[in-house]
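Structure record follows, encoded as C-alpha cells.
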Amino acid sequence: MFILNSIAPIFLLIALGKLLKTTGFLPDVFFKGLNRFVFWIALPALLISRISVAKLEIDTLSQIVLLFSVGTLLSLAFAWGVARILKLPAPSTGSFIQGSFRGNGAFVGLPVIVYTLGSLDPRAEMLGTVILAPVVIVFNVLGVSILTHYSKHRRGTSASIQTFFAQLVKNPLLLSCVVGIALNLTGLTIPLFLYRSLDALGSAALALILISIGAALEFEKLRGSASPTLIASLIKVVVTPAIGFLLVGFFKLDNTEAMIAIFYLACPTAGMSYVMAEVMGNDGPLAGRIVALSTLLSAITLPVIIAMGL
C-alpha cells in the first residue's frame, strides 16, 4: 500500500497532463507556457525556499553525489559498449548513449524523492533538493561531451562547448541552488513576505512539474521504433539503478541517503536530451523515442525499485 500511495500520485498527475493535452481541455500554448513557468519560476522558488533554511550535511551530500556520479559514469560506459556491439552510426551512438544515462532529475527524480522518502525521513526533501545542483552539472557535462564527440557537425565543436557552458551558467536550477546555499551558509534570511511567496510557489511546483511532463510526452514517436530505442530505455530505467544498488555498499550512507542517489539514477530519460541531440547534430528522432519509452517503462520500474530499496 505504501508503494501505491507513493508512486500513484506521480503517474496520476502525469496522466492528467497527457489527458488535458490530448482532449484539448487546455490549448497547446498553455502547456508551452506552463513548462517555461515551472522551469524558470516555480522550481527555482522551491529550491531557494527549501535550501536556504535547510541543515546542510556536507559529508553526507558529498557521498550521495559521489555514488550518483560513479553510477552515471558506469552506466555511460555500459551504454558505450552496447553501442559498439550494435554498430550504430555516430549520430545515433551519441543519442543512444546520452539517452541511456541522462535522467530527468528535476522533473521526475525530485518528485519521486519527496513522495516516497519524505514521509519516512524529514531530511529526504532537503537532501534531494540540494543534490539537484550537482545532478544537473553531471548530466550536462557528460551529455554535451558525448553529443559533441559523435556529432555530424564536427567543425562546431568549440562553439558547441562554449554555448554549453554559457547555458550551464544561466541554468535557473543551478543558479537557484547556488542562491539557496549562499543564503544558508551566510545566515542571511529572506524577508518573511518574500519567503512565503517563494514557499507557496514551491509547494505548487511538484504538481505542475508532473502535469507538464504528461503534456510533453509524445508516445506517437514510438511508431516504427527499433531495438536501439528499447535497449537504451532499458539501460536507463533498469541497468543504471541496478548499478546504483551494486555500488551502495562502498559508501557510508544510510538507506534514505542511498535511495536518493538511486532514484536520480533511476529516472527516465530527460526531455532535454532530445533538444540537445537535435541542436548538436545527433539523432533527434532516436532521442525522442528513448524519452517517451523510458518514461513509459518507468511506471513499471520505479515501483519495483521502491519495493527493493524501502
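Labels used: A, B, ... for chains in the order of the C-alpha cells, numbers from 1 for residues in each chain, and numbers from 1 for ligands as shown.
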
Please tabulate, as JSON lines, the residues of region 166-252 of chain A that come within 10 Å of region 101-104 of chain A, each with its closest pair of atoms and the distance in Å to one decimal, counting only C-alpha atoms and ordering rows by chain, then residue number upward.
{"residue": "A:Ile213", "atom": "CA", "partner": "A:Asn104", "partner_atom": "CA", "distance": 9.9}
{"residue": "A:Ala232", "atom": "CA", "partner": "A:Phe101", "partner_atom": "CA", "distance": 8.7}
{"residue": "A:Ser233", "atom": "CA", "partner": "A:Phe101", "partner_atom": "CA", "distance": 9.3}
{"residue": "A:Ile235", "atom": "CA", "partner": "A:Phe101", "partner_atom": "CA", "distance": 7.7}
{"residue": "A:Lys236", "atom": "CA", "partner": "A:Phe101", "partner_atom": "CA", "distance": 5.6}
{"residue": "A:Val237", "atom": "CA", "partner": "A:Gly103", "partner_atom": "CA", "distance": 9.0}
{"residue": "A:Val239", "atom": "CA", "partner": "A:Phe101", "partner_atom": "CA", "distance": 9.6}
{"residue": "A:Thr240", "atom": "CA", "partner": "A:Phe101", "partner_atom": "CA", "distance": 7.1}

(request) Find the residues near Tyr264 (chain A): any atom within 9 Å, counting only C-alpha atoms, skip ones fewer than 2 places away on the same chain, and give them as a PyMOL selection string. (result) chain A and resi 68+103-106+108-110+112-113+128+132+135+241+259-262+266-267

Contact residues around region 190-204 of chain A with only C-alpha atoms at 7 Å, ignoring same-chain residues under 2 positions, as a compact mmCIF listing (two decimals) with N, CA and C atoms, in the first residue's frame:
# COMPACT_ATOMS: atom_id res chain seq x y z
N ALA A 42 8.67 28.37 -10.82
CA ALA A 42 8.16 27.53 -9.73
C ALA A 42 9.25 26.65 -9.12
N LEU A 43 10.01 25.94 -9.95
CA LEU A 43 11.05 25.06 -9.43
C LEU A 43 12.19 25.84 -8.76
N ALA A 45 11.88 28.64 -7.23
CA ALA A 45 11.31 29.10 -5.96
C ALA A 45 11.36 27.99 -4.92
N LEU A 46 11.04 26.76 -5.35
CA LEU A 46 11.12 25.61 -4.45
C LEU A 46 12.54 25.41 -3.95
N SER A 49 13.67 28.36 -1.51
CA SER A 49 12.97 28.37 -0.23
C SER A 49 13.38 27.18 0.64
N LEU A 188 21.99 34.66 6.09
CA LEU A 188 21.04 35.70 5.70
C LEU A 188 19.64 35.09 5.57
N LEU A 206 5.79 20.90 -7.59
CA LEU A 206 5.85 19.46 -7.89
C LEU A 206 4.66 19.00 -8.72
N ALA A 207 3.47 19.46 -8.36
CA ALA A 207 2.28 19.08 -9.13
C ALA A 207 2.35 19.63 -10.56
N LEU A 208 2.78 20.88 -10.69
CA LEU A 208 2.88 21.50 -12.01
C LEU A 208 3.94 20.80 -12.87

May I have the residues within 7 Å of Met280 (chain A) as a CSV table (one decimal) with N, CA and C atoms, in the first residue's frame, using only C-alpha atoms and disregarding those fewer than 2 positions away in the same chain?
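result37.csv, written as the output of this step:
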chain,number,residue,atom,x,y,z
A,147,LEU,N,27.6,14.1,-27.0
A,147,LEU,CA,27.0,14.6,-28.2
A,147,LEU,C,28.0,15.4,-29.1
A,148,THR,N,28.9,16.1,-28.5
A,148,THR,CA,29.9,16.8,-29.3
A,148,THR,C,30.8,15.8,-30.0
A,151,SER,N,28.9,14.1,-32.9
A,151,SER,CA,28.1,15.0,-33.8
A,151,SER,C,28.5,14.8,-35.2
A,276,MET,N,18.9,18.7,-27.1
A,276,MET,CA,20.3,18.8,-27.3
A,276,MET,C,20.8,17.9,-28.5
A,277,ALA,N,20.2,16.7,-28.6
A,277,ALA,CA,20.6,15.9,-29.8
A,277,ALA,C,20.3,16.6,-31.1
A,278,GLU,N,19.1,17.2,-31.2
A,278,GLU,CA,18.8,17.9,-32.4
A,278,GLU,C,19.7,19.1,-32.7
A,282,ASN,N,23.0,15.3,-33.7
A,282,ASN,CA,22.9,13.8,-33.4
A,282,ASN,C,21.5,13.3,-33.9

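Nearest to Leu67 (chain A) of all the residues A:Pro111, A:Pro27, A:Pro44, A:Gly244 is A:Gly244, counting only C-alpha atoms.
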
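Minimum atom-to-atom distance to Leu86 (chain A), evaluated using only C-alpha atoms, belongs to A:Pro228 out of A:Gly99, A:Pro228, A:Gly24, A:Gly33.
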
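In this model, the gap between CA of Ile41 (chain A) and CA of Thr72 (chain A) comes to 28.1 Å.
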
So that I can check the surroundings of Arg84 (chain A), please list as a PDB file with N, CA and C atoms, in the first residue's frame every protein, DNA and RNA residue that reaches within 12 Å of it, counting only C-alpha atoms and ignoring chain neighbours fewer than 3 positions away.
ATOM      1  N   ALA A  77      29.507   4.073 -19.603  1.00  0.00           N
ATOM      2  CA  ALA A  77      30.469   3.114 -20.155  1.00  0.00           C
ATOM      3  C   ALA A  77      29.756   1.872 -20.679  1.00  0.00           C
ATOM      4  N   PHE A  78      28.758   1.404 -19.937  1.00  0.00           N
ATOM      5  CA  PHE A  78      27.986   0.233 -20.366  1.00  0.00           C
ATOM      6  C   PHE A  78      27.267   0.526 -21.676  1.00  0.00           C
ATOM      7  N   ALA A  79      26.637   1.712 -21.775  1.00  0.00           N
ATOM      8  CA  ALA A  79      25.917   2.078 -22.992  1.00  0.00           C
ATOM      9  C   ALA A  79      26.870   2.222 -24.174  1.00  0.00           C
ATOM     10  N   TRP A  80      28.065   2.743 -23.924  1.00  0.00           N
ATOM     11  CA  TRP A  80      29.067   2.867 -24.987  1.00  0.00           C
ATOM     12  C   TRP A  80      29.433   1.491 -25.532  1.00  0.00           C
ATOM     13  N   GLY A  81      29.625   0.543 -24.624  1.00  0.00           N
ATOM     14  CA  GLY A  81      29.957  -0.814 -25.057  1.00  0.00           C
ATOM     15  C   GLY A  81      28.842  -1.440 -25.876  1.00  0.00           C
ATOM     16  N   LYS A  87      26.862  -1.468 -33.477  1.00  0.00           N
ATOM     17  CA  LYS A  87      27.462  -0.822 -34.644  1.00  0.00           C
ATOM     18  C   LYS A  87      26.582   0.316 -35.175  1.00  0.00           C
ATOM     19  N   LEU A  88      26.149   1.167 -34.261  1.00  0.00           N
ATOM     20  CA  LEU A  88      25.319   2.305 -34.641  1.00  0.00           C
ATOM     21  C   LEU A  88      26.167   3.379 -35.315  1.00  0.00           C
ATOM     22  N   PRO A  89      25.596   4.127 -36.253  1.00  0.00           N
ATOM     23  CA  PRO A  89      26.327   5.267 -36.827  1.00  0.00           C
ATOM     24  C   PRO A  89      26.575   6.320 -35.752  1.00  0.00           C
ATOM     25  N   ALA A  90      27.562   7.183 -35.994  1.00  0.00           N
ATOM     26  CA  ALA A  90      27.989   8.127 -34.967  1.00  0.00           C
ATOM     27  C   ALA A  90      26.855   8.978 -34.392  1.00  0.00           C
ATOM     28  N   SER A  92      23.670   8.434 -34.173  1.00  0.00           N
ATOM     29  CA  SER A  92      22.779   7.585 -33.382  1.00  0.00           C
ATOM     30  C   SER A  92      23.461   7.117 -32.097  1.00  0.00           C
ATOM     31  N   THR A  93      24.770   6.888 -32.171  1.00  0.00           N
ATOM     32  CA  THR A  93      25.520   6.484 -30.983  1.00  0.00           C
ATOM     33  C   THR A  93      25.459   7.563 -29.912  1.00  0.00           C
ATOM     34  N   GLY A  94      25.615   8.826 -30.319  1.00  0.00           N
ATOM     35  CA  GLY A  94      25.536   9.931 -29.356  1.00  0.00           C
ATOM     36  C   GLY A  94      24.201   9.973 -28.650  1.00  0.00           C
ATOM     37  N   PHE A  96      22.000   7.512 -28.432  1.00  0.00           N
ATOM     38  CA  PHE A  96      21.816   6.262 -27.694  1.00  0.00           C
ATOM     39  C   PHE A  96      22.497   6.332 -26.330  1.00  0.00           C
ATOM     40  N   ILE A  97      23.752   6.761 -26.301  1.00  0.00           N
ATOM     41  CA  ILE A  97      24.493   6.809 -25.040  1.00  0.00           C
ATOM     42  C   ILE A  97      23.890   7.842 -24.098  1.00  0.00           C
ATOM     43  N   PRO A 228      17.382  -0.186 -30.830  1.00  0.00           N
ATOM     44  CA  PRO A 228      18.156   0.768 -30.027  1.00  0.00           C
ATOM     45  C   PRO A 228      17.299   1.572 -29.048  1.00  0.00           C
TER      46      PRO A 228
END

(request) Give me the residues within 8 Å of Pro303 (chain A) as a ChimeraX atom specification, counting only C-alpha atoms and dropping any in the same chain fewer than 6 places off. (result) /A:3-4,7

Using only N, CA and C atoms, please write the residues we just selected to a file, as a CSV table (one decimal), in the first residue's frame.
chain,number,residue,atom,x,y,z
A,3,ILE,N,3.8,1.6,-1.4
A,3,ILE,CA,4.3,1.8,-2.7
A,3,ILE,C,3.2,2.5,-3.6
A,4,LEU,N,2.0,2.0,-3.5
A,4,LEU,CA,0.9,2.6,-4.3
A,4,LEU,C,0.7,4.0,-3.9
A,7,ILE,N,3.8,6.1,-5.3
A,7,ILE,CA,4.1,6.3,-6.8
A,7,ILE,C,2.9,6.7,-7.6
